[in-house]
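Listing of coords_3.cif; format and content: mmCIF, C-alpha atoms.
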```cif
data_protein
loop_
_atom_site.group_PDB
_atom_site.id
_atom_site.type_symbol
_atom_site.label_atom_id
_atom_site.label_comp_id
_atom_site.auth_asym_id
_atom_site.auth_seq_id
_atom_site.Cartn_x
_atom_site.Cartn_y
_atom_site.Cartn_z
ATOM 1 C CA MET A 692 26.545 -31.112 2.254
ATOM 2 C CA THR A 693 24.999 -28.873 -0.387
ATOM 3 C CA ASP A 694 24.456 -29.449 -4.107
ATOM 4 C CA ASN A 695 27.469 -27.250 -4.797
ATOM 5 C CA ASP A 696 29.658 -29.615 -2.789
ATOM 6 C CA VAL A 697 28.659 -32.702 -4.831
ATOM 7 C CA VAL A 698 30.602 -32.925 -8.100
ATOM 8 C CA GLN A 699 29.662 -35.491 -10.743
ATOM 9 C CA ASP A 700 31.085 -36.724 -14.033
ATOM 10 C CA VAL A 701 29.003 -35.744 -17.067
ATOM 11 C CA PHE A 702 29.986 -37.569 -20.220
ATOM 12 C CA GLN A 703 30.739 -35.192 -23.140
ATOM 13 C CA LEU A 704 29.802 -32.218 -20.969
ATOM 14 C CA ASP A 705 31.546 -29.753 -23.266
ATOM 15 C CA LEU A 706 29.594 -30.912 -26.332
ATOM 16 C CA LYS A 707 26.308 -30.826 -24.454
ATOM 17 C CA ILE A 708 26.861 -27.297 -23.152
ATOM 18 C CA ASN A 709 28.012 -26.099 -26.576
ATOM 19 C CA GLY A 710 24.832 -27.586 -28.024
ATOM 20 C CA LEU A 711 22.689 -25.772 -25.459
ATOM 21 C CA VAL A 712 24.464 -22.494 -26.181
ATOM 22 C CA ALA A 713 23.998 -23.004 -29.936
ATOM 23 C CA TRP A 714 20.278 -23.561 -29.334
ATOM 24 C CA GLY A 715 20.099 -20.343 -27.325
ATOM 25 C CA LYS A 716 21.801 -18.438 -30.134
ATOM 26 C CA ARG A 717 19.513 -19.881 -32.837
ATOM 27 C CA ASN A 718 16.497 -19.118 -30.684
ATOM 28 C CA GLY A 719 17.525 -15.492 -30.282
ATOM 29 C CA ASP A 720 17.832 -15.724 -26.485
ATOM 30 C CA ASN A 721 20.664 -13.350 -25.597
ATOM 31 C CA LYS A 722 20.764 -14.630 -21.998
ATOM 32 C CA LEU A 723 21.608 -18.187 -23.091
ATOM 33 C CA SER A 724 23.559 -17.652 -26.317
ATOM 34 C CA SER A 725 27.150 -17.838 -24.958
ATOM 35 C CA LEU A 726 29.188 -18.747 -21.900
ATOM 36 C CA ARG A 727 29.683 -15.064 -21.155
ATOM 37 C CA ALA A 728 25.920 -14.532 -21.454
ATOM 38 C CA LEU A 729 25.312 -17.301 -18.892
ATOM 39 C CA GLU A 730 27.616 -15.514 -16.479
ATOM 40 C CA LYS A 731 25.984 -12.145 -17.150
ATOM 41 C CA SER A 732 22.527 -13.611 -16.553
ATOM 42 C CA GLU A 733 23.821 -15.100 -13.285
ATOM 43 C CA VAL A 734 23.382 -18.741 -14.269
ATOM 44 C CA ILE A 735 26.991 -19.919 -13.883
ATOM 45 C CA ALA A 736 30.293 -18.032 -13.676
ATOM 46 C CA TYR A 737 32.312 -18.148 -16.905
ATOM 47 C CA SER A 738 35.470 -19.523 -15.272
ATOM 48 C CA THR A 739 33.514 -22.189 -13.394
ATOM 49 C CA LEU A 740 31.821 -23.356 -16.580
ATOM 50 C CA GLN A 741 35.089 -23.394 -18.518
ATOM 51 C CA SER A 742 36.770 -25.527 -15.847
ATOM 52 C CA ALA A 743 33.811 -27.913 -15.706
ATOM 53 C CA MET A 744 33.767 -28.394 -19.473
ATOM 54 C CA LYS A 745 37.493 -29.103 -19.500
ATOM 55 C CA ALA A 746 37.317 -31.613 -16.628
ATOM 56 C CA GLN A 747 33.987 -33.156 -17.752
ATOM 57 C CA ARG A 748 32.864 -32.731 -14.135
ATOM 58 C CA ILE A 749 30.314 -30.303 -12.705
ATOM 59 C CA SER A 750 28.584 -29.778 -9.377
ATOM 60 C CA VAL A 751 24.962 -30.774 -8.911
ATOM 61 C CA GLY A 752 24.143 -27.162 -8.079
ATOM 62 C CA ASP A 753 25.553 -25.925 -11.384
ATOM 63 C CA GLN A 754 23.787 -28.743 -13.233
ATOM 64 C CA LYS A 755 20.476 -27.601 -11.735
ATOM 65 C CA ALA A 756 21.251 -24.004 -12.674
ATOM 66 C CA LEU A 757 21.824 -25.040 -16.299
ATOM 67 C CA ALA A 758 18.722 -27.217 -16.318
ATOM 68 C CA GLY A 759 16.614 -24.394 -14.923
ATOM 69 C CA ALA A 760 17.895 -21.915 -17.498
ATOM 70 C CA TYR A 761 17.460 -24.177 -20.541
ATOM 71 C CA GLY A 762 14.519 -26.299 -19.408
ATOM 72 C CA PHE A 763 15.743 -29.893 -19.098
ATOM 73 C CA ASP A 764 16.068 -32.449 -16.289
ATOM 74 C CA ILE A 765 19.455 -33.461 -14.879
ATOM 75 C CA GLU A 766 17.930 -36.881 -14.157
ATOM 76 C CA TRP A 767 17.763 -37.616 -17.882
ATOM 77 C CA ARG A 768 19.957 -40.629 -18.581
ATOM 78 C CA GLU A 769 21.193 -38.833 -21.714
ATOM 79 C CA TRP A 770 22.528 -35.982 -19.570
ATOM 80 C CA ARG A 771 24.891 -37.717 -17.152
ATOM 81 C CA ASP A 772 25.473 -41.254 -18.476
ATOM 82 C CA PRO A 773 26.782 -42.119 -14.969
ATOM 83 C CA ASP A 774 27.765 -45.680 -15.813
ATOM 84 C CA SER A 775 31.150 -45.516 -17.554
ATOM 85 C CA LYS A 776 30.627 -48.824 -19.353
ATOM 86 C CA ARG A 777 27.260 -47.694 -20.625
ATOM 87 C CA ALA A 778 28.773 -44.338 -21.588
ATOM 88 C CA MET A 779 31.445 -46.055 -23.659
ATOM 89 C CA ALA A 780 28.801 -48.232 -25.302
ATOM 90 C CA ILE A 781 26.785 -45.157 -26.219
ATOM 91 C CA HIS A 782 29.925 -43.470 -27.497
ATOM 92 C CA GLN A 783 30.554 -46.416 -29.810
ATOM 93 C CA ARG A 784 26.945 -46.820 -30.854
ATOM 94 C CA ARG A 785 25.801 -43.219 -30.845
ATOM 95 C CA ASP A 786 27.186 -39.923 -29.685
ATOM 96 C CA SER A 787 25.961 -39.227 -26.131
ATOM 97 C CA ALA A 788 25.773 -35.466 -26.683
ATOM 98 C CA GLU A 789 23.763 -36.054 -29.834
ATOM 99 C CA ALA A 790 21.287 -38.230 -27.906
ATOM 100 C CA PHE A 791 20.938 -35.591 -25.169
ATOM 101 C CA LEU A 792 20.463 -32.702 -27.599
ATOM 102 C CA GLU A 793 17.920 -34.664 -29.613
ATOM 103 C CA LYS A 794 15.869 -35.253 -26.465
ATOM 104 C CA PHE A 795 16.347 -31.618 -25.438
ATOM 105 C CA HIS A 796 15.090 -30.292 -28.786
ATOM 106 C CA ALA A 797 12.106 -32.658 -28.779
ATOM 107 C CA ARG A 798 11.079 -31.964 -25.180
ATOM 108 C CA PRO A 799 7.613 -30.529 -24.603
ATOM 109 C CA PRO A 800 7.740 -26.824 -23.738
ATOM 110 C CA SER A 801 7.756 -26.058 -20.031
ATOM 111 C CA GLY A 802 6.479 -22.624 -19.081
ATOM 112 C CA VAL A 803 7.232 -21.265 -22.558
ATOM 113 C CA PHE A 804 5.230 -20.533 -25.671
ATOM 114 C CA LEU A 805 6.058 -21.161 -29.302
ATOM 115 C CA THR A 806 5.712 -18.292 -31.723
ATOM 116 C CA VAL A 807 7.325 -17.024 -34.934
ATOM 117 C CA HIS A 808 9.800 -14.175 -35.201
ATOM 118 C CA ALA A 809 9.560 -12.693 -38.692
ATOM 119 C CA GLY A 810 12.730 -10.999 -39.879
ATOM 120 C CA SER A 811 12.761 -8.065 -42.261
ATOM 121 C CA THR A 812 12.243 -8.769 -45.941
ATOM 122 C CA THR A 813 15.404 -8.618 -48.041
ATOM 123 C CA THR A 814 14.660 -7.225 -51.487
ATOM 124 C CA ARG A 815 16.857 -8.123 -54.424
ATOM 125 C CA VAL A 816 15.485 -5.824 -57.142
ATOM 126 C CA ASP A 817 13.434 -2.883 -55.821
ATOM 127 C CA TYR A 818 11.031 -3.066 -52.898
ATOM 128 C CA ARG A 819 8.891 -0.378 -54.527
ATOM 129 C CA VAL A 820 8.098 -2.697 -57.427
ATOM 130 C CA ALA A 821 7.439 -5.936 -55.526
ATOM 131 C CA ASP A 822 7.547 -6.693 -51.815
ATOM 132 C CA TYR A 823 5.922 -8.986 -49.259
ATOM 133 C CA SER A 824 6.030 -9.789 -45.558
ATOM 134 C CA PHE A 825 4.815 -12.579 -43.263
ATOM 135 C CA ALA A 826 3.770 -11.834 -39.677
ATOM 136 C CA VAL A 827 2.059 -13.629 -36.804
ATOM 137 C CA ALA A 828 -1.710 -13.098 -36.878
ATOM 138 C CA GLY A 829 -2.814 -10.313 -34.554
ATOM 139 C CA SER A 830 -5.409 -12.507 -32.802
ATOM 140 C CA PHE A 831 -2.956 -15.360 -32.146
ATOM 141 C CA GLU A 832 -2.835 -16.144 -28.447
ATOM 142 C CA GLN A 833 0.358 -17.880 -27.396
ATOM 143 C CA SER A 834 -0.164 -20.958 -25.253
ATOM 144 C CA MET A 835 1.672 -24.131 -24.420
ATOM 145 C CA GLN A 836 -1.183 -26.097 -25.962
ATOM 146 C CA ALA A 837 -1.061 -24.263 -29.302
ATOM 147 C CA ALA A 838 -0.445 -26.831 -32.027
ATOM 148 C CA GLU A 839 -0.370 -24.318 -34.842
ATOM 149 C CA ILE A 840 0.855 -20.802 -35.508
ATOM 150 C CA PRO A 841 -1.192 -18.746 -38.007
ATOM 151 C CA LEU A 842 0.611 -16.230 -40.205
ATOM 152 C CA VAL A 843 -0.708 -13.421 -42.361
ATOM 153 C CA LEU A 844 0.736 -12.262 -45.673
ATOM 154 C CA SER A 845 1.084 -8.648 -46.797
ATOM 155 C CA LEU A 846 1.872 -7.803 -50.418
ATOM 156 C CA SER A 847 2.787 -4.696 -52.383
ATOM 157 C CA PHE A 848 3.120 -4.219 -56.163
ATOM 158 C CA ASP A 849 3.658 -0.953 -58.030
ATOM 159 C CA GLU A 850 1.763 -0.557 -61.314
ATOM 160 C CA ARG A 851 4.616 1.548 -62.729
ATOM 161 C CA GLY A 852 6.993 -1.445 -63.002
ATOM 162 C CA TRP A 853 10.676 -1.062 -63.906
ATOM 163 C CA SER A 854 11.715 1.531 -66.483
ATOM 164 C CA LEU A 855 14.681 1.291 -68.874
ATOM 165 C CA VAL A 856 15.806 4.050 -71.222
ATOM 166 C CA TYR A 857 17.359 3.159 -74.578
ATOM 167 C CA ASP A 858 18.036 5.712 -77.330
ATOM 168 C CA ALA A 859 15.251 8.070 -76.207
ATOM 169 C CA THR A 860 12.922 5.106 -75.875
ATOM 170 C CA ILE A 861 11.410 4.091 -72.548
ATOM 171 C CA LEU A 862 10.914 0.380 -72.006
ATOM 172 C CA THR A 863 8.733 -0.461 -68.992
ATOM 173 C CA VAL A 864 8.651 -3.975 -67.571
ATOM 174 C CA GLY A 865 5.728 -5.037 -65.391
ATOM 175 C CA LEU A 866 4.797 -8.266 -63.629
ATOM 176 C CA LYS A 867 1.675 -10.222 -64.392
ATOM 177 C CA SER A 868 2.587 -13.127 -62.074
ATOM 178 C CA VAL A 869 5.052 -14.071 -59.303
ATOM 179 C CA ASP A 870 5.712 -17.224 -57.283
ATOM 180 C CA LEU A 871 5.934 -17.195 -53.471
ATOM 181 C CA GLN A 872 7.689 -20.298 -52.149
ATOM 182 C CA ILE A 873 8.169 -21.647 -48.610
ATOM 183 C CA PHE A 874 11.013 -23.902 -47.415
ATOM 184 C CA PRO A 875 10.876 -25.360 -43.848
ATOM 185 C CA MET A 876 14.444 -25.796 -42.518
ATOM 186 C CA ARG A 877 16.055 -27.395 -39.478
ATOM 187 C CA ASP A 878 19.767 -26.957 -38.799
ATOM 188 C CA GLY A 879 20.143 -25.595 -42.324
ATOM 189 C CA ALA A 880 18.564 -28.624 -44.032
ATOM 190 C CA PRO A 881 15.027 -29.092 -45.432
ATOM 191 C CA ILE A 882 12.546 -30.864 -43.145
ATOM 192 C CA GLY A 883 9.438 -32.778 -44.126
ATOM 193 C CA ASP A 884 7.917 -33.760 -40.769
ATOM 194 C CA VAL A 885 6.113 -30.436 -40.383
ATOM 195 C CA SER A 886 3.031 -28.977 -42.003
ATOM 196 C CA VAL A 887 2.643 -25.640 -43.773
ATOM 197 C CA LYS A 888 -0.921 -25.032 -44.909
ATOM 198 C CA LEU A 889 -1.647 -22.197 -47.330
ATOM 199 C CA SER A 890 -4.982 -20.542 -48.099
ATOM 200 C CA GLU A 891 -6.047 -19.097 -51.417
ATOM 201 C CA PHE A 892 -7.129 -15.481 -51.512
ATOM 202 C CA THR A 893 -8.893 -13.238 -54.007
ATOM 203 C CA HIS A 894 -8.320 -9.605 -54.824
ATOM 204 C CA THR A 895 -10.525 -6.697 -53.846
ATOM 205 C CA VAL A 896 -10.838 -3.248 -55.314
ATOM 206 C CA VAL A 897 -9.301 -1.729 -52.175
ATOM 207 C CA GLU A 898 -6.337 -4.102 -51.940
ATOM 208 C CA GLY A 899 -5.304 -4.644 -55.534
ATOM 209 C CA ASN A 900 -5.971 -6.577 -58.700
ATOM 210 C CA PHE A 901 -4.234 -9.860 -57.799
ATOM 211 C CA GLN A 902 -5.142 -13.220 -56.303
ATOM 212 C CA GLY A 903 -3.200 -16.057 -54.690
ATOM 213 C CA ILE A 904 -3.662 -19.622 -55.909
ATOM 214 C CA VAL A 905 -2.120 -22.526 -53.986
ATOM 215 C CA ARG A 906 0.008 -24.932 -56.011
ATOM 216 C CA GLY A 907 2.518 -27.682 -55.244
ATOM 217 C CA LEU A 908 2.306 -30.897 -53.246
ATOM 218 C CA HIS A 909 1.138 -31.236 -49.645
ATOM 219 C CA GLU A 910 4.715 -31.337 -48.350
ATOM 220 C CA ARG A 911 5.775 -28.226 -50.294
ATOM 221 C CA PRO A 912 2.947 -25.857 -51.205
ATOM 222 C CA TRP A 913 3.488 -22.485 -52.866
ATOM 223 C CA TRP A 914 1.459 -19.592 -54.230
ATOM 224 C CA ILE A 915 1.037 -18.212 -57.731
ATOM 225 C CA ILE A 916 0.140 -14.552 -57.248
ATOM 226 C CA SER A 917 -1.264 -13.123 -60.465
ATOM 227 C CA ASN A 918 -3.792 -10.878 -62.132
ATOM 228 C CA PRO A 919 -6.694 -13.073 -63.330
ATOM 229 C CA ASN A 920 -7.095 -10.815 -66.382
ATOM 230 C CA GLY A 921 -3.483 -11.271 -67.455
ATOM 231 C CA GLU A 922 -2.606 -7.626 -66.774
ATOM 232 C CA CYS A 923 0.177 -6.274 -64.560
ATOM 233 C CA ILE A 924 -0.357 -6.907 -60.889
ATOM 234 C CA SER A 925 -0.623 -3.827 -58.706
ATOM 235 C CA GLY A 926 -1.948 -2.684 -55.363
ATOM 236 C CA VAL A 927 -1.299 -3.315 -51.680
ATOM 237 C CA ARG A 928 -2.640 -6.074 -49.452
ATOM 238 C CA ARG A 929 -2.114 -5.211 -45.773
ATOM 239 C CA ARG A 930 -2.984 -7.879 -43.230
ATOM 240 C CA ASN A 931 -2.909 -8.004 -39.429
ATOM 241 C CA ASP A 932 -5.174 -10.987 -38.959
ATOM 242 C CA GLY A 933 -6.192 -14.169 -40.736
ATOM 243 C CA ARG A 934 -4.796 -17.594 -41.571
ATOM 244 C CA ASP A 935 -2.974 -17.218 -44.883
ATOM 245 C CA CYS A 936 -0.280 -19.671 -43.735
ATOM 246 C CA VAL A 937 -0.577 -22.090 -40.784
ATOM 247 C CA CYS A 938 2.595 -23.707 -39.373
ATOM 248 C CA GLU A 939 2.255 -27.007 -37.492
ATOM 249 C CA GLY A 940 4.744 -29.430 -35.977
ATOM 250 C CA PHE A 941 7.624 -26.971 -35.686
ATOM 251 C CA ARG A 942 9.926 -26.705 -32.690
ATOM 252 C CA ALA A 943 12.084 -23.928 -31.312
ATOM 253 C CA GLY A 944 15.079 -23.221 -33.522
ATOM 254 C CA ASP A 945 13.380 -24.222 -36.782
ATOM 255 C CA GLU A 946 13.318 -21.763 -39.665
ATOM 256 C CA VAL A 947 11.030 -21.146 -42.620
ATOM 257 C CA GLN A 948 12.768 -19.626 -45.619
ATOM 258 C CA THR A 949 10.410 -17.752 -47.951
ATOM 259 C CA ARG A 950 11.154 -16.415 -51.410
ATOM 260 C CA MET A 951 9.308 -14.409 -54.074
ATOM 261 C CA THR A 952 10.460 -15.012 -57.640
ATOM 262 C CA ALA A 953 9.460 -13.835 -61.108
ATOM 263 C CA ARG A 954 9.971 -15.404 -64.538
ATOM 264 C CA VAL A 955 10.745 -13.617 -67.768
ATOM 265 C CA SER A 956 7.758 -15.353 -69.334
ATOM 266 C CA ASP A 957 5.517 -13.672 -66.751
ATOM 267 C CA CYS A 958 6.558 -10.117 -67.643
ATOM 268 C CA LEU A 959 4.759 -7.526 -69.734
ATOM 269 C CA VAL A 960 6.825 -4.901 -71.583
ATOM 270 C CA SER A 961 5.534 -1.609 -72.979
ATOM 271 C CA VAL A 962 7.511 0.606 -75.376
ATOM 272 C CA SER A 963 7.150 4.374 -75.770
ATOM 273 C CA GLY A 964 9.186 6.754 -77.916
ATOM 274 C CA GLN A 965 10.260 7.122 -81.542
ATOM 275 C CA ALA A 966 13.174 4.701 -81.906
ATOM 276 C CA PHE A 967 11.127 1.547 -82.598
ATOM 277 C CA ASP A 968 7.987 2.946 -84.175
ATOM 278 C CA ASN A 969 8.818 1.263 -87.497
ATOM 279 C CA ALA A 970 9.849 -2.071 -86.001
ATOM 280 C CA SER A 971 7.999 -5.194 -87.085
ATOM 281 C CA GLU A 972 5.921 -7.203 -84.629
ATOM 282 C CA ALA A 973 8.672 -9.841 -84.443
ATOM 283 C CA GLN A 974 11.249 -7.165 -83.685
ATOM 284 C CA LYS A 975 9.038 -5.653 -81.010
ATOM 285 C CA LYS A 976 8.600 -9.059 -79.367
ATOM 286 C CA PHE A 977 12.362 -9.520 -79.397
ATOM 287 C CA ILE A 978 12.828 -6.053 -77.884
ATOM 288 C CA GLU A 979 10.309 -6.893 -75.160
ATOM 289 C CA HIS A 980 12.130 -10.120 -74.390
ATOM 290 C CA LEU A 981 15.499 -8.359 -74.160
ATOM 291 C CA ALA A 982 14.016 -5.680 -71.920
ATOM 292 C CA ALA A 983 12.631 -8.308 -69.556
ATOM 293 C CA LEU A 984 15.977 -10.104 -69.481
ATOM 294 C CA GLU A 985 17.785 -6.845 -68.756
ATOM 295 C CA VAL A 986 15.612 -6.222 -65.714
ATOM 296 C CA LEU A 987 15.373 -9.767 -64.396
ATOM 297 C CA LYS A 988 18.972 -10.775 -65.200
ATOM 298 C CA GLY A 989 18.013 -14.264 -66.348
ATOM 299 C CA ALA A 990 15.087 -16.607 -66.908
ATOM 300 C CA GLU A 991 14.009 -16.203 -63.275
ATOM 301 C CA VAL A 992 14.975 -13.761 -60.555
ATOM 302 C CA THR A 993 14.529 -13.553 -56.788
ATOM 303 C CA LEU A 994 12.558 -10.418 -55.988
ATOM 304 C CA ALA A 995 12.618 -10.671 -52.198
ATOM 305 C CA GLU A 996 13.294 -13.098 -49.328
ATOM 306 C CA GLN A 997 12.264 -13.375 -45.691
ATOM 307 C CA THR A 998 13.343 -15.732 -42.888
ATOM 308 C CA LEU A 999 10.867 -16.818 -40.222
ATOM 309 C CA LYS A 1000 12.238 -18.290 -36.982
ATOM 310 C CA VAL A 1001 10.268 -20.443 -34.557
ATOM 311 C CA VAL A 1002 11.181 -19.300 -31.057
ATOM 312 C CA GLU A 1003 10.168 -19.862 -27.442
ATOM 313 C CA GLN A 1004 8.912 -17.003 -25.325
ATOM 314 C CA PRO A 1005 8.458 -17.128 -21.531
#
```
Written as structure tokens, that's how I'd like the structure from this file.
Amino acid sequence: MTDNDVVQDVFQLDLKINGLVAWGKRNGDNKLSSLRALEKSEVIAYSTLQSAMKAQRISVGDQKALAGAYGFDIEWREWRDPDSKRAMAIHQRRDSAEAFLEKFHARPPSGVFLTVHAGSTTTRVDYRVADYSFAVAGSFEQSMQAAEIPLVLSLSFDERGWSLVYDATILTVGLKSVDLQIFPMRDGAPIGDVSVKLSEFTHTVVEGNFQGIVRGLHERPWWIISNPNGECISGVRRRNDGRDCVCEGFRAGDEVQTRMTARVSDCLVSVSGQAFDNASEAQKKFIEHLAALEVLKGAEVTLAEQTLKVVEQP
């Protein structure tokens, strides 16, 4: 008798498989992200898996195929719950699928490495004026023992700022400071049992006129990126290596949401043209404030965003 001939009950099998598929989708693994994908990658036939989920029964051979694809052990008590009385007790006390998926997510990696997939930056105003990007450090060597993932930060600011034209007058709004915030997320909710360590950095003549100062509490650090002389920030910082941001304690499927914002109070406005040459200082300040509001659309605006995903790689 082969493993394919032995069929066993698996309590809440449908919820457990759906949870595994959801993990595959979050992790960006196209081979494990749907029932059809499992069939295409020759793990289990679609019709066989559908029937098993409906009956809550599956052969030992198919269980081993699933376990091999996703990296768990079919001998886990949370997987089968073979004792019906115990299964009912778990169902009343705690969802069995929830217990299995919690153990699955917390399992130590087996033959896989943790790394970070950095998505493209989404700019909300104009990427030419202000943009940034996180990436995995070029010297980072993936290993199962790696407890931390170093990231590098690239920045770009245009000294020309935003230009507005009003009655033959050009109003130019520039940035003298921005905030860069980081939000660790798990299943769409903030998490606090991880560590994100930021490093301060200073400007150089080649890279630009700005510096990054770390602010915030240990659980939620953030950068103030500014010109130490109070002038508009400008220049480009390109990084392939370093440890600007070190992520620790994350697991596959976690995300880090990042966001660059600017405040109206951190803008500088210059005026050129004839329309306001005779304006008083108070009027000019009011004009500058209105110009900043027109560009930023409020007291604070999101300049750009980027999502970082912690993933497993074979």
Evaluate the PyMOL selection byres ((chain A and resi 897) around 12) and report residues as a list in words: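 Here the PyMOL selection byres ((chain A and resi 897) around 12) matches Thr893, His894, Thr895, Val896, Glu898, Gly899, Asn900, Phe901, Ser925, Gly926, Val927, Arg928 and Arg929 of chain A.
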Could you dump the residues just selected with C-alpha atoms as a PDB file, in the coordinates of the input?
```pdb
ATOM      1  CA  THR A 893      -8.893 -13.238 -54.007  1.00  0.00           C
ATOM      2  CA  HIS A 894      -8.320  -9.605 -54.824  1.00  0.00           C
ATOM      3  CA  THR A 895     -10.525  -6.697 -53.846  1.00  0.00           C
ATOM      4  CA  VAL A 896     -10.838  -3.248 -55.314  1.00  0.00           C
ATOM      5  CA  GLU A 898      -6.337  -4.102 -51.940  1.00  0.00           C
ATOM      6  CA  GLY A 899      -5.304  -4.644 -55.534  1.00  0.00           C
ATOM      7  CA  ASN A 900      -5.971  -6.577 -58.700  1.00  0.00           C
ATOM      8  CA  PHE A 901      -4.234  -9.860 -57.799  1.00  0.00           C
ATOM      9  CA  SER A 925      -0.623  -3.827 -58.706  1.00  0.00           C
ATOM     10  CA  GLY A 926      -1.948  -2.684 -55.363  1.00  0.00           C
ATOM     11  CA  VAL A 927      -1.299  -3.315 -51.680  1.00  0.00           C
ATOM     12  CA  ARG A 928      -2.640  -6.074 -49.452  1.00  0.00           C
ATOM     13  CA  ARG A 929      -2.114  -5.211 -45.773  1.00  0.00           C
TER      14      ARG A 929
END
```
Report as a list of chain:residue names the full result of the PyMOL selection byres ((chain A and resi 884-889) around 6) when it is applied to this structure.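 Given this file, the PyMOL selection byres ((chain A and resi 884-889) around 6) evaluates to A:Ile882, A:Gly883, A:Ser890, A:Asp935, A:Cys936, A:Val937, A:Cys938, A:Glu939, A:Gly940.
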Pick out the residues sitting within 6 Å of segment 904-909 of chain A, and hand them over as JSON, numbers by chain; count all atoms listed in the file, and ignore anything fewer than 5 positions along from it in its own chain. {"A": [891, 914, 915]}
Writing out the chosen residues with C-alpha atoms as a compact mmCIF listing (two decimals), keeping the file's coordinate frame:
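selection_9.txt written:
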```
# COMPACT_ATOMS: atom_id res chain seq x y z
CA GLU A 891 -6.05 -19.10 -51.42
CA TRP A 914 1.46 -19.59 -54.23
CA ILE A 915 1.04 -18.21 -57.73
```
For atom CA of Ala995 of chain A and atom CA of Ala943 of chain A, determine how far apart the two atoms are, in Å to one decimal place.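 Calculated distance between atom CA of Ala995 of chain A and atom CA of Ala943 of chain A is 24.7 Å.
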With distances taken over all atoms listed in the file, which of A:Lys745, A:Lys867, A:Arg942, A:Arg877 is nearest to Cys923 of chain A?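 Among A:Lys745, A:Lys867, A:Arg942, A:Arg877, it is A:Lys867 that comes nearest to Cys923 of chain A.
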Evaluate the PyMOL selection byres ((chain A and resi 697) around 9) against this structure - the residues, as a ChimeraX atom specification, please. /A:692-696,698-699,749-752
Within 12 Å of Leu723 of chain A, counting all atoms listed in the file, which residues qualify if same-chain residues fewer than 2 places away don't, as number ranges by chain? A: 708-721, 725-735, 756-762
Starting from the point (3.7, -17.4, -62.9), work out which residues of protein, DNA or RNA have an atom no more than 8 Å away when counting all atoms listed in the file; state them as an MDAnalysis selection string. chainID A and resid 867:870 915:917 953:954 956:957
Could you write out the selected residues, including C-alpha atoms, as a short mmCIF file (atom, residue, chain, number, x, y, z; two decimals), keeping the file's coordinate frame?
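Just written: result-v8.cif:
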```
data_model
loop_
_atom_site.label_atom_id
_atom_site.label_comp_id
_atom_site.auth_asym_id
_atom_site.auth_seq_id
_atom_site.Cartn_x
_atom_site.Cartn_y
_atom_site.Cartn_z
CA LYS A 867 1.68 -10.22 -64.39
CA SER A 868 2.59 -13.13 -62.07
CA VAL A 869 5.05 -14.07 -59.30
CA ASP A 870 5.71 -17.22 -57.28
CA ILE A 915 1.04 -18.21 -57.73
CA ILE A 916 0.14 -14.55 -57.25
CA SER A 917 -1.26 -13.12 -60.46
CA ALA A 953 9.46 -13.84 -61.11
CA ARG A 954 9.97 -15.40 -64.54
CA SER A 956 7.76 -15.35 -69.33
CA ASP A 957 5.52 -13.67 -66.75
#
```
By how many Å are atom CA of Ser845 of chain A and atom CA of Gly921 of chain A apart? 21.3 Å
What separates atom CA of Arg815 of chain A and atom CA of Arg950 of chain A is a distance of 10.5 Å
Quick one: of A:Val864, A:Ala990, A:Leu846, A:Ile765, who's nearest to Phe791 of chain A, counting only C-alpha atoms?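 Closest to Phe791 of chain A of all the choices is A:Ile765.
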